[in-house]
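So this one's target.txt, compact mmCIF, C-alpha atoms and all ligand atoms:
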# COMPACT_ATOMS: atom_id res chain seq x y z
CA ALA A 88 -97.30 8.01 20.88
CA PHE A 89 -94.56 8.83 18.41
CA SER A 90 -94.99 9.63 14.75
CA MET A 91 -93.66 6.68 12.75
CA CYS A 92 -90.90 7.94 10.46
CA GLY A 93 -90.21 6.67 6.96
CA LEU A 94 -93.63 5.13 6.30
CA ALA A 95 -95.31 5.64 2.92
CA LYS A 96 -98.30 4.45 0.97
CA GLU A 97 -97.09 1.64 -1.25
CA TYR A 98 -100.15 0.96 -3.41
CA GLU A 99 -99.86 1.84 -7.10
CA SER A 100 -102.71 4.36 -7.23
CA ALA A 101 -101.44 6.39 -4.25
CA ASP A 102 -100.48 9.88 -5.32
CA ASN A 103 -96.92 11.22 -5.50
CA GLU A 104 -97.15 12.89 -2.12
CA GLU A 105 -98.41 9.74 -0.41
CA LYS A 106 -95.63 7.66 -1.95
CA ASN A 107 -92.94 10.16 -0.94
CA PRO A 108 -94.54 12.10 1.95
CA TRP A 109 -91.14 13.44 3.15
CA LEU A 110 -90.08 14.96 -0.18
CA VAL A 111 -90.05 18.74 -0.06
CA SER A 112 -89.77 21.14 -3.00
CA ILE A 113 -87.91 24.32 -2.14
CA SER A 114 -88.18 27.58 -4.07
CA ILE A 115 -85.97 30.55 -3.37
CA LEU A 116 -87.33 33.82 -4.74
CA ARG A 117 -84.59 36.20 -5.82
CA SER A 118 -85.76 39.66 -6.90
CA GLY A 119 -85.40 39.94 -10.63
CA ARG A 120 -83.59 36.66 -11.02
CA GLY A 121 -86.47 34.17 -10.89
CA THR A 122 -86.42 31.25 -8.50
CA GLU A 123 -83.85 28.60 -7.71
CA ALA A 124 -85.31 25.17 -7.08
CA CYS A 125 -83.98 22.53 -4.74
CA LYS A 126 -85.33 19.50 -2.92
CA GLY A 127 -85.32 18.63 0.76
CA ALA A 128 -86.59 16.04 3.21
CA LEU A 129 -88.95 16.53 6.14
CA VAL A 130 -87.05 15.24 9.18
CA SER A 131 -89.43 16.41 11.96
CA GLU A 132 -92.67 18.43 12.30
CA LYS A 133 -90.74 21.63 11.89
CA TYR A 134 -87.43 20.93 10.11
CA ILE A 135 -86.38 20.22 6.52
CA LEU A 136 -82.92 18.88 5.72
CA THR A 137 -81.47 20.13 2.43
CA ALA A 138 -78.22 21.28 0.76
CA ALA A 139 -76.45 24.45 1.83
CA HIS A 140 -75.40 25.24 -1.75
CA CYS A 141 -79.06 25.94 -2.63
CA PHE A 142 -78.72 29.25 -0.82
CA THR A 143 -76.43 32.26 -1.01
CA ILE A 144 -75.26 34.22 2.02
CA ASP A 145 -77.78 36.94 1.14
CA ASP A 146 -80.81 34.63 1.02
CA ARG A 147 -83.25 35.28 3.86
CA ALA A 148 -85.88 32.92 5.25
CA ASP A 149 -88.73 35.05 3.91
CA GLN A 150 -87.53 34.47 0.32
CA ILE A 151 -87.94 30.72 0.72
CA THR A 152 -91.18 28.77 0.27
CA VAL A 153 -91.42 25.02 0.63
CA LYS A 154 -94.05 22.64 -0.69
CA ILE A 155 -94.82 19.61 1.51
CA GLY A 156 -97.60 17.24 0.48
CA LYS A 157 -99.73 19.71 -1.45
CA LYS A 158 -99.23 22.58 1.01
CA ASN A 159 -96.99 25.63 0.67
CA MET A 160 -95.33 26.50 3.96
CA GLU A 161 -93.31 29.47 5.11
CA VAL A 162 -89.81 29.26 6.52
CA ALA A 163 -88.82 30.83 9.84
CA SER A 164 -85.06 30.31 9.62
CA LEU A 165 -82.29 28.83 7.49
CA LYS A 166 -79.17 27.37 9.03
CA SER A 167 -76.29 26.04 6.93
CA HIS A 168 -73.65 23.75 8.44
CA PRO A 169 -71.01 25.99 10.09
CA GLN A 170 -68.20 24.26 8.16
CA TYR A 171 -69.81 24.76 4.74
CA THR A 172 -67.64 27.28 2.82
CA VAL A 173 -68.22 27.13 -0.93
CA GLY A 174 -65.30 29.48 -1.64
CA LYS A 175 -62.73 27.82 0.64
CA LEU A 176 -60.48 26.60 -2.19
CA ARG A 177 -60.93 29.54 -4.56
CA ASN A 178 -57.26 30.52 -4.19
CA LEU A 179 -56.38 27.06 -5.55
CA GLY A 180 -58.49 27.70 -8.66
CA ILE A 181 -61.30 25.50 -7.34
CA PRO A 182 -64.46 27.62 -7.68
CA GLU A 183 -66.94 25.45 -5.78
CA PHE A 184 -66.25 23.37 -2.70
CA TYR A 185 -69.14 21.24 -1.44
CA ASP A 186 -67.81 19.87 1.85
CA TYR A 187 -70.47 19.93 4.63
CA ASP A 188 -73.08 20.87 2.01
CA VAL A 189 -76.10 20.57 4.34
CA ALA A 190 -78.65 23.02 5.76
CA LEU A 191 -81.77 22.96 7.92
CA LEU A 192 -84.91 25.00 7.24
CA GLU A 193 -87.16 25.65 10.23
CA LEU A 194 -90.86 26.03 9.35
CA LYS A 195 -92.85 28.93 10.77
CA GLU A 196 -95.36 26.49 12.11
CA LYS A 197 -95.39 22.73 12.68
CA ILE A 198 -96.78 20.68 9.84
CA THR A 199 -99.63 18.32 10.63
CA LEU A 200 -98.28 14.88 9.84
CA ASN A 201 -100.62 12.85 7.67
CA SER A 202 -100.47 10.44 4.72
CA GLN A 203 -99.15 13.23 2.49
CA ALA A 204 -96.63 14.70 4.93
CA ARG A 205 -94.49 12.48 7.06
CA ALA A 206 -90.90 12.61 8.30
CA ILE A 207 -88.23 10.33 6.86
CA CYS A 208 -86.15 8.32 9.35
CA LEU A 209 -82.75 9.71 10.30
CA PRO A 210 -80.01 7.23 11.29
CA CYS A 211 -79.02 7.16 14.96
CA THR A 212 -82.51 8.03 16.20
CA ALA A 213 -84.96 5.79 18.05
CA GLY A 214 -87.27 6.01 15.02
CA THR A 215 -84.72 4.23 12.86
CA THR A 216 -84.17 1.57 15.54
CA ARG A 217 -87.92 0.91 15.40
CA ALA A 218 -87.95 1.04 11.57
CA LEU A 219 -85.15 -1.54 11.50
CA ARG A 220 -87.10 -3.66 14.00
CA ARG A 221 -84.13 -3.65 16.35
CA PRO A 222 -84.39 -3.54 20.18
CA HIS A 223 -84.35 -0.11 21.85
CA PRO A 224 -82.24 1.11 23.67
CA GLN A 225 -79.72 -1.75 23.15
CA THR A 226 -79.22 -0.80 19.49
CA THR A 227 -76.48 1.81 18.94
CA CYS A 228 -75.70 4.35 16.22
CA ARG A 229 -72.81 2.06 15.22
CA ASP A 230 -75.32 -0.79 14.75
CA HIS A 231 -77.32 1.48 12.41
CA GLU A 232 -74.22 2.31 10.38
CA GLU A 233 -73.19 -1.34 10.17
CA GLU A 234 -76.66 -2.42 9.06
CA LEU A 235 -77.28 0.42 6.60
CA MET A 236 -73.81 1.11 5.20
CA ALA A 237 -72.38 -2.37 5.10
CA VAL A 238 -69.07 -2.47 3.29
CA GLY A 239 -69.49 -3.04 -0.45
CA ILE A 240 -72.09 -1.86 -2.90
CA VAL A 241 -75.19 -0.54 -1.11
CA LYS A 242 -78.47 -0.15 -3.02
CA ALA A 243 -80.09 3.23 -2.45
CA LEU A 244 -82.65 5.46 -4.13
CA PHE A 245 -83.42 9.09 -4.80
CA VAL A 246 -86.66 10.67 -6.05
CA THR A 247 -86.75 12.99 -9.04
CA PRO A 248 -89.51 14.67 -11.07
CA CYS A 249 -90.77 12.96 -14.21
CA ARG A 250 -93.22 13.89 -16.96
CA ASP A 251 -96.47 11.93 -17.07
CA LYS A 252 -96.86 11.02 -20.75
CA TYR A 253 -100.69 10.90 -20.56
CA THR A 254 -101.38 14.02 -18.48
CA SER A 255 -97.97 15.68 -19.09
CA THR A 256 -98.19 16.80 -15.46
CA ARG A 257 -95.24 16.48 -13.11
CA GLY A 258 -94.84 13.12 -11.41
CA LEU A 259 -92.16 11.73 -9.14
CA ARG A 260 -89.95 8.76 -9.89
CA ARG A 261 -87.73 6.72 -7.66
CA ARG A 262 -84.31 6.05 -9.16
CA THR A 263 -82.18 3.19 -7.87
CA VAL A 264 -78.45 3.87 -7.46
CA ARG A 265 -75.57 2.03 -5.80
CA ILE A 266 -73.35 3.60 -3.13
CA LYS A 267 -69.76 2.49 -3.71
CA ASN A 268 -68.41 1.71 -0.24
CA ASN A 269 -65.68 -0.77 -1.05
CA ASP A 270 -62.77 -0.92 -3.48
CA LYS A 271 -65.11 0.71 -6.08
CA LYS A 272 -65.23 3.85 -3.86
CA GLN A 273 -61.75 4.88 -5.05
CA SER A 274 -62.64 4.79 -8.76
CA CYS A 275 -66.00 6.44 -8.06
CA GLU A 276 -64.34 9.35 -6.29
CA ALA A 277 -61.53 9.62 -8.85
CA ASP A 278 -64.07 10.69 -11.50
CA ALA A 279 -64.84 13.84 -9.46
CA ILE A 280 -62.02 15.71 -11.17
CA LYS A 281 -63.62 15.13 -14.57
CA ALA A 282 -66.02 17.94 -13.63
CA LYS A 283 -65.17 20.95 -15.77
CA GLN A 284 -64.83 23.30 -12.76
CA TYR A 285 -62.27 20.93 -11.26
CA GLU A 286 -59.58 20.98 -13.94
CA ASN A 287 -57.13 22.62 -11.48
CA VAL A 288 -57.60 19.88 -8.90
CA THR A 289 -54.39 17.93 -8.41
CA ASP A 290 -55.54 15.61 -5.61
CA VAL A 291 -59.11 14.22 -5.56
CA SER A 292 -59.21 14.38 -1.76
CA GLN A 293 -59.15 18.18 -2.07
CA VAL A 294 -62.77 18.10 -3.35
CA VAL A 295 -64.02 14.69 -2.26
CA THR A 296 -63.68 14.67 1.52
CA GLU A 297 -64.74 11.99 4.02
CA ARG A 298 -68.19 13.53 4.23
CA PHE A 299 -69.19 12.21 0.78
CA LEU A 300 -70.94 9.10 -0.47
CA CYS A 301 -70.41 8.31 -4.16
CA THR A 302 -72.98 6.89 -6.62
CA GLY A 303 -73.30 6.78 -10.41
CA GLY A 304 -71.17 5.28 -13.15
CA THR A 305 -71.62 1.97 -14.97
CA GLU A 306 -70.08 -0.55 -12.50
CA PRO A 307 -71.54 -2.90 -11.24
CA GLU A 308 -74.63 -1.59 -13.13
CA VAL A 309 -75.47 1.65 -14.90
CA ASP A 310 -76.74 4.13 -12.32
CA PRO A 311 -79.09 7.00 -13.15
CA ASN A 312 -77.68 10.42 -12.37
CA THR A 313 -78.98 13.37 -10.38
CA CYS A 314 -79.82 16.74 -11.88
CA LYS A 315 -79.02 20.15 -10.45
CA GLY A 316 -82.64 20.45 -9.36
CA ASP A 317 -82.29 17.31 -7.22
CA SER A 318 -79.83 19.17 -4.97
CA GLY A 319 -80.72 18.80 -1.32
CA GLY A 320 -82.97 15.80 -1.84
CA PRO A 321 -82.54 12.69 0.31
CA LEU A 322 -80.45 9.66 -0.64
CA ILE A 323 -82.57 6.87 0.85
CA ILE A 324 -82.11 3.25 1.88
CA ALA A 325 -85.34 1.24 1.94
CA LYS A 326 -85.48 -1.54 4.52
CA ARG A 327 -88.66 -3.60 4.65
CA MET A 328 -90.86 -0.74 3.38
CA ARG A 329 -89.36 1.79 5.78
CA TYR A 330 -87.29 4.63 4.34
CA ILE A 331 -84.12 5.87 6.01
CA GLN A 332 -82.16 8.90 4.77
CA VAL A 333 -78.41 8.19 4.62
CA GLY A 334 -77.36 11.15 2.46
CA VAL A 335 -78.17 14.62 1.12
CA ILE A 336 -77.74 15.00 -2.66
CA SER A 337 -74.93 17.54 -3.06
CA TRP A 338 -73.37 17.65 -6.55
CA GLY A 339 -72.75 15.70 -9.71
CA VAL A 340 -69.92 15.60 -12.25
CA VAL A 341 -72.14 15.86 -15.32
CA GLU A 342 -75.37 17.78 -15.73
CA VAL A 343 -77.15 15.10 -17.79
CA CYS A 344 -80.56 16.74 -17.46
CA LYS A 345 -79.84 20.16 -18.92
CA SER A 346 -80.11 18.85 -22.48
CA THR A 347 -82.97 16.40 -21.97
CA PRO A 348 -86.47 17.08 -20.53
CA PRO A 349 -87.53 15.17 -17.40
CA MET A 350 -87.93 11.49 -18.14
CA GLU A 351 -91.35 10.00 -18.73
CA CYS A 352 -92.85 8.54 -15.56
CA GLN A 353 -94.13 5.50 -17.41
CA SER A 354 -90.95 4.64 -19.28
CA ASP A 355 -89.13 1.58 -18.02
CA LYS A 356 -85.73 3.05 -18.89
CA GLU A 357 -83.89 3.27 -15.60
CA PHE A 358 -81.43 5.93 -16.64
CA GLN A 359 -80.71 8.84 -18.96
CA GLU A 360 -79.02 7.72 -22.19
CA HIS A 361 -75.46 8.79 -22.94
CA ALA A 362 -74.56 9.14 -19.28
CA PRO A 363 -70.77 8.71 -19.46
CA SER A 364 -69.11 6.27 -17.06
CA HIS A 365 -67.56 9.21 -15.21
CA ALA A 366 -71.02 10.68 -14.46
CA ARG A 367 -70.85 10.34 -10.69
CA ASP A 368 -72.95 11.93 -7.95
CA PHE A 369 -71.82 12.96 -4.50
CA HIS A 370 -73.96 13.07 -1.37
CA ILE A 371 -73.18 14.27 2.16
CA SER A 372 -73.37 11.27 4.49
CA ILE A 373 -75.76 11.81 7.41
CA PHE A 374 -73.38 9.77 9.55
CA LYS A 375 -70.70 12.42 9.03
CA VAL A 376 -72.79 15.40 10.21
CA LEU A 377 -74.50 13.83 13.24
CA PRO A 378 -73.08 16.17 15.93
CA TRP A 379 -74.55 19.15 14.02
CA LEU A 380 -77.91 17.38 13.50
CA ARG A 381 -78.16 16.40 17.18
CA GLU A 382 -77.50 19.98 18.21
CA GLU A 383 -79.90 21.64 15.77
CA LEU A 384 -82.70 19.06 16.20
CA ARG A 385 -82.32 18.58 19.96
CA ASP A 386 -85.86 19.82 20.76
CA GLU A 387 -87.60 17.86 18.01
CA GLY A 388 -88.19 14.71 20.05
CA LEU A 389 -86.22 12.59 17.58
CA ASP A 390 -84.50 10.69 20.42
CA PHE A 391 -80.95 10.61 19.05
CA LEU A 392 -79.02 7.56 20.24
C1 LIG B 401 -67.62 21.41 -9.67
O1 LIG B 401 -68.49 21.45 -10.82
C2 LIG B 401 -69.37 20.31 -10.86
C3 LIG B 401 -70.26 20.35 -9.67
C4 LIG B 401 -71.67 20.74 -9.84
N1 LIG B 401 -72.27 20.39 -11.14
C5 LIG B 401 -73.66 20.91 -11.18
C6 LIG B 401 -74.55 20.07 -10.25
C7 LIG B 401 -74.95 20.53 -8.98
C8 LIG B 401 -74.47 21.87 -8.46
C9 LIG B 401 -75.78 19.74 -8.15
C10 LIG B 401 -76.22 18.49 -8.57
C11 LIG B 401 -77.11 17.66 -7.67
C12 LIG B 401 -75.83 18.02 -9.82
N2 LIG B 401 -76.12 16.84 -10.45
C13 LIG B 401 -75.50 16.86 -11.65
C14 LIG B 401 -74.80 18.03 -11.82
C15 LIG B 401 -75.01 18.79 -10.67
C16 LIG B 401 -71.40 20.99 -12.22
C17 LIG B 401 -72.06 20.86 -13.58
O2 LIG B 401 -72.48 19.56 -13.79
C18 LIG B 401 -70.04 20.26 -12.22

Structure re-expressed in structure tokens:
Amino acid sequence: AFSMCGLAKEYESADNEEKNPWLVSISILRSGRGTEACKGALVSEKYILTAAHCFTIDDRADQITVKIGKKNMEVASLKSHPQYTVGKLRNLGIPEFYDYDVALLELKEKITLNSQARAICLPCTAGTTRALRRPHPQTTCRDHEEELMAVGIVKALFVTPCRDKYTSTRGLRRRTVRIKNNDKKQSCEADAIKAKQYENVTDVSQVVTERFLCTGGTEPEVDPNTCKGDSGGPLIIAKRMRYIQVGVISWGVVEVCKSTPPMECQSDKEFQEHAPSHARDFHISIFKVLPWLREELRDEGLDFL
């Protein structure tokens, strides 16, 4: 039998891990400089998909610990996308370049999949064909892209920590955002150069390449924004209670969370106040890094189409 990807407990009293059993917290221990925190998504029994910018070239696998469900696991290897080069545009006065900002962490041992640890569905795998209730093997990767990333505004979600106002413990909250795929894509991407580090950028396409999906802003509705700590987390499309990862959270124009503590889990506010209309978030599209994913995950039984 195959492990069903992208399934979660939906009942209210389920715990955070059961509601988001693919969400991984990543800590990178750096001697003397505390830990960097990022998020990731479990994509098979042994691999976590995250952002390459969470790591520096000196980081080694044994400095990284990941938390899946309630378990801390050790990492055997870290592999960033070969075309990720954060310093590529430094000579143009552009300090950080996030193109191909994806990485895979291989666990030292396979995780036992259960209600608190389960893989999310990756597009262009047989698991996503099943999750979309489409016929296998007739359904193609193109069919997945057409169904998931229809032209226009596409509703998606990401998961971020929140503060439980009764127990003041850490909870998790799903935030709904809209991917701008149509004529709104242009104006979404144009706001990228409002990031302070990008004042030397003359042409948006220098920093927003074809790999990116764009969310955030106030049109057609106000979107919540990501925080630095959300880096590497999955951008998810929910289809009939199955969860499919279409992006990896890479970077945002405005750090709205630095000044404010994590939102209350119980509050019905959908977004941080005072998020300016140019507060956009950029995610690496899974569809744009498939050849690399197929190669790196070829032995994971994911049945790429
Ligand atoms: C080029 O400079 C810009 C890019 C990175 N931004 C930091 C950042 C990272 C790294 C990752 C995620 C997910 C973020 N979500 C919101 C901000 C933010 C800075 C400061 O906002 C501006």

At a cut-off of 10 Å, can you tabulate as CSV every residue of chain A near ligand LIG 401 (chain B) together with its closest atom pair and the distance in Å to one decimal, using all atoms listed in the file and ordering rows by chain then number?
residue,atom,partner,partner_atom,distance
A:Cys125,CA,B:LIG401,C11,8.9
A:Lys126,CA,B:LIG401,C11,9.7
A:Ala138,CA,B:LIG401,C11,9.2
A:His140,CA,B:LIG401,C8,7.6
A:Cys141,CA,B:LIG401,C8,8.5
A:Ile181,CA,B:LIG401,C1,7.9
A:Pro182,CA,B:LIG401,C1,7.2
A:Glu183,CA,B:LIG401,C1,5.6
A:Phe184,CA,B:LIG401,C1,7.4
A:Tyr185,CA,B:LIG401,C3,8.4
A:Ala279,CA,B:LIG401,C2,8.0
A:Ile280,CA,B:LIG401,C1,8.1
A:Lys281,CA,B:LIG401,C18,8.5
A:Ala282,CA,B:LIG401,C18,4.9
A:Lys283,CA,B:LIG401,O1,6.0
A:Gln284,CA,B:LIG401,O1,4.5
A:Tyr285,CA,B:LIG401,C1,5.6
A:Glu286,CA,B:LIG401,C1,9.1
A:Val294,CA,B:LIG401,C1,8.6
A:Asn312,CA,B:LIG401,C13,6.8
A:Thr313,CA,B:LIG401,N2,4.5
A:Cys314,CA,B:LIG401,N2,4.0
A:Lys315,CA,B:LIG401,C10,3.8
A:Gly316,CA,B:LIG401,C11,6.4
A:Asp317,CA,B:LIG401,C11,5.2
A:Ser318,CA,B:LIG401,C11,4.1
A:Gly319,CA,B:LIG401,C11,7.4
A:Gly320,CA,B:LIG401,C11,8.5
A:Val335,CA,B:LIG401,C11,9.4
A:Ile336,CA,B:LIG401,C11,5.7
A:Ser337,CA,B:LIG401,C11,5.1
A:Trp338,CA,B:LIG401,C9,3.6
A:Gly339,CA,B:LIG401,C13,3.6
A:Val340,CA,B:LIG401,C18,4.7
A:Val341,CA,B:LIG401,O2,4.0
A:Glu342,CA,B:LIG401,O2,3.9
A:Val343,CA,B:LIG401,C13,6.6
A:Cys344,CA,B:LIG401,C13,7.7
A:Lys345,CA,B:LIG401,C14,9.0
A:Ala366,CA,B:LIG401,C13,8.1
A:Arg367,CA,B:LIG401,C13,8.1
A:Asp368,CA,B:LIG401,N2,6.4
A:Phe369,CA,B:LIG401,C11,7.8
A:His370,CA,B:LIG401,C11,8.4

For those residues, write C-alpha atoms to a file as a short mmCIF file (atom, residue, chain, number, x, y, z; two decimals), in the coordinates of the input.
data_model
loop_
_atom_site.label_atom_id
_atom_site.label_comp_id
_atom_site.auth_asym_id
_atom_site.auth_seq_id
_atom_site.Cartn_x
_atom_site.Cartn_y
_atom_site.Cartn_z
CA CYS A 125 -83.98 22.53 -4.74
CA LYS A 126 -85.33 19.50 -2.92
CA ALA A 138 -78.22 21.28 0.76
CA HIS A 140 -75.40 25.24 -1.75
CA CYS A 141 -79.06 25.94 -2.63
CA ILE A 181 -61.30 25.50 -7.34
CA PRO A 182 -64.46 27.62 -7.68
CA GLU A 183 -66.94 25.45 -5.78
CA PHE A 184 -66.25 23.37 -2.70
CA TYR A 185 -69.14 21.24 -1.44
CA ALA A 279 -64.84 13.84 -9.46
CA ILE A 280 -62.02 15.71 -11.17
CA LYS A 281 -63.62 15.13 -14.57
CA ALA A 282 -66.02 17.94 -13.63
CA LYS A 283 -65.17 20.95 -15.77
CA GLN A 284 -64.83 23.30 -12.76
CA TYR A 285 -62.27 20.93 -11.26
CA GLU A 286 -59.58 20.98 -13.94
CA VAL A 294 -62.77 18.10 -3.35
CA ASN A 312 -77.68 10.42 -12.37
CA THR A 313 -78.98 13.37 -10.38
CA CYS A 314 -79.82 16.74 -11.88
CA LYS A 315 -79.02 20.15 -10.45
CA GLY A 316 -82.64 20.45 -9.36
CA ASP A 317 -82.29 17.31 -7.22
CA SER A 318 -79.83 19.17 -4.97
CA GLY A 319 -80.72 18.80 -1.32
CA GLY A 320 -82.97 15.80 -1.84
CA VAL A 335 -78.17 14.62 1.12
CA ILE A 336 -77.74 15.00 -2.66
CA SER A 337 -74.93 17.54 -3.06
CA TRP A 338 -73.37 17.65 -6.55
CA GLY A 339 -72.75 15.70 -9.71
CA VAL A 340 -69.92 15.60 -12.25
CA VAL A 341 -72.14 15.86 -15.32
CA GLU A 342 -75.37 17.78 -15.73
CA VAL A 343 -77.15 15.10 -17.79
CA CYS A 344 -80.56 16.74 -17.46
CA LYS A 345 -79.84 20.16 -18.92
CA ALA A 366 -71.02 10.68 -14.46
CA ARG A 367 -70.85 10.34 -10.69
CA ASP A 368 -72.95 11.93 -7.95
CA PHE A 369 -71.82 12.96 -4.50
CA HIS A 370 -73.96 13.07 -1.37
#

Exercise. Mind checking which residues fall within 12 Å of A:Tyr98, counting all atoms listed in the file, ignoring those fewer than 4 positions away in the same chain, and posting them as a list in words?
Key: Asp102, Asn103, Glu105, Lys106, Asn107 and Met328 of chain A

Quiz item: Near A:Val130, within 6 Å and counting only C-alpha atoms, which residues show up once chain neighbours fewer than 2 positions away are dropped, as JSON, numbers by chain?
Solution: {"A": [134, 135, 206, 207]}

Quiz item: Near A:Lys166, counting all atoms listed in the file, which residues have an atom at most 7 Å away, once you skip same-chain residues fewer than 4 positions from it, shown as a PyMOL selection string?
Solution: chain A and resi 190-192

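For the choices A:Leu219, A:Cys208, A:Met350, A:Ile323, the atom-to-atom distance to A:Cys249 is smallest for A:Met350 when using only C-alpha atoms.
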
Practice problem: Identify, on the basis of all atoms listed in the file, every residue whose closest approach to A:Lys242 does not exceed 12 Å; exclude the query and any residue fewer than 2 positions from it along the same chain; express the result as a list in words. | Solution: Leu235, Met236, Ala237, Val238, Gly239, Ile240, Leu244, Phe245, Arg262, Thr263, Val264, Arg265, Ile266, Lys267, Asn268, Cys301, Thr302, Gly303, Pro307, Glu308, Asp310, Leu322, Ile323, Ile324, Ala325, Lys326 and Val333 of chain A

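Across the model, the gap from atom CA of A:Thr254 to atom CA of A:Lys158 is 21.4 Å.
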
Practice problem: Work out how far atom CA of A:Gln332 is from atom CA of A:Tyr171, in Å to one decimal. | Solution: 20.1 Å

Quiz prompt | Residues within 9 Å of A:Lys157, all atoms listed in the file, excluding chain neighbours under 2 positions, as a ChimeraX atom specification | solution = /A:104,154-155,159,203-204

Prev. selection, C-alpha atoms, output as a compact mmCIF listing (two decimals), in the frame of the given file:
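File again_8.txt, as written:
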# COMPACT_ATOMS: atom_id res chain seq x y z
CA GLU A 104 -97.15 12.89 -2.12
CA LYS A 154 -94.05 22.64 -0.69
CA ILE A 155 -94.82 19.61 1.51
CA ASN A 159 -96.99 25.63 0.67
CA GLN A 203 -99.15 13.23 2.49
CA ALA A 204 -96.63 14.70 4.93

Self-check item: Distance of atom CA of A:Trp109 from atom CA of A:Ala95, expressed in Å to one decimal place
Solution: 8.8 Å

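Nearest-residue note for A:Ile113: choosing from A:Ser90, A:Asn287, A:Ser131, A:Thr137, the minimum distance belongs to A:Thr137, counting only C-alpha atoms.
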
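Nearest to A:Pro224 of all the residues A:Cys211, A:Leu200, A:Val153, A:Val246 is A:Cys211, based on only C-alpha atoms.
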
Quiz prompt | Which residue of A:Arg257, A:Lys195, A:Arg220, A:Lys271 approaches A:Val241 most closely, using only C-alpha atoms | solution = A:Lys271

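Candidate residues A:Glu161, A:Glu196, A:Asp290, A:Asp188 were compared for distance to A:Val376, and the nearest is A:Asp188, using only C-alpha atoms.
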
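Shortest separation to A:Ser114 among A:Glu233, A:Asp355, A:Asp149, A:Glu276 occurs at residue A:Asp149, atoms counted being only C-alpha atoms.
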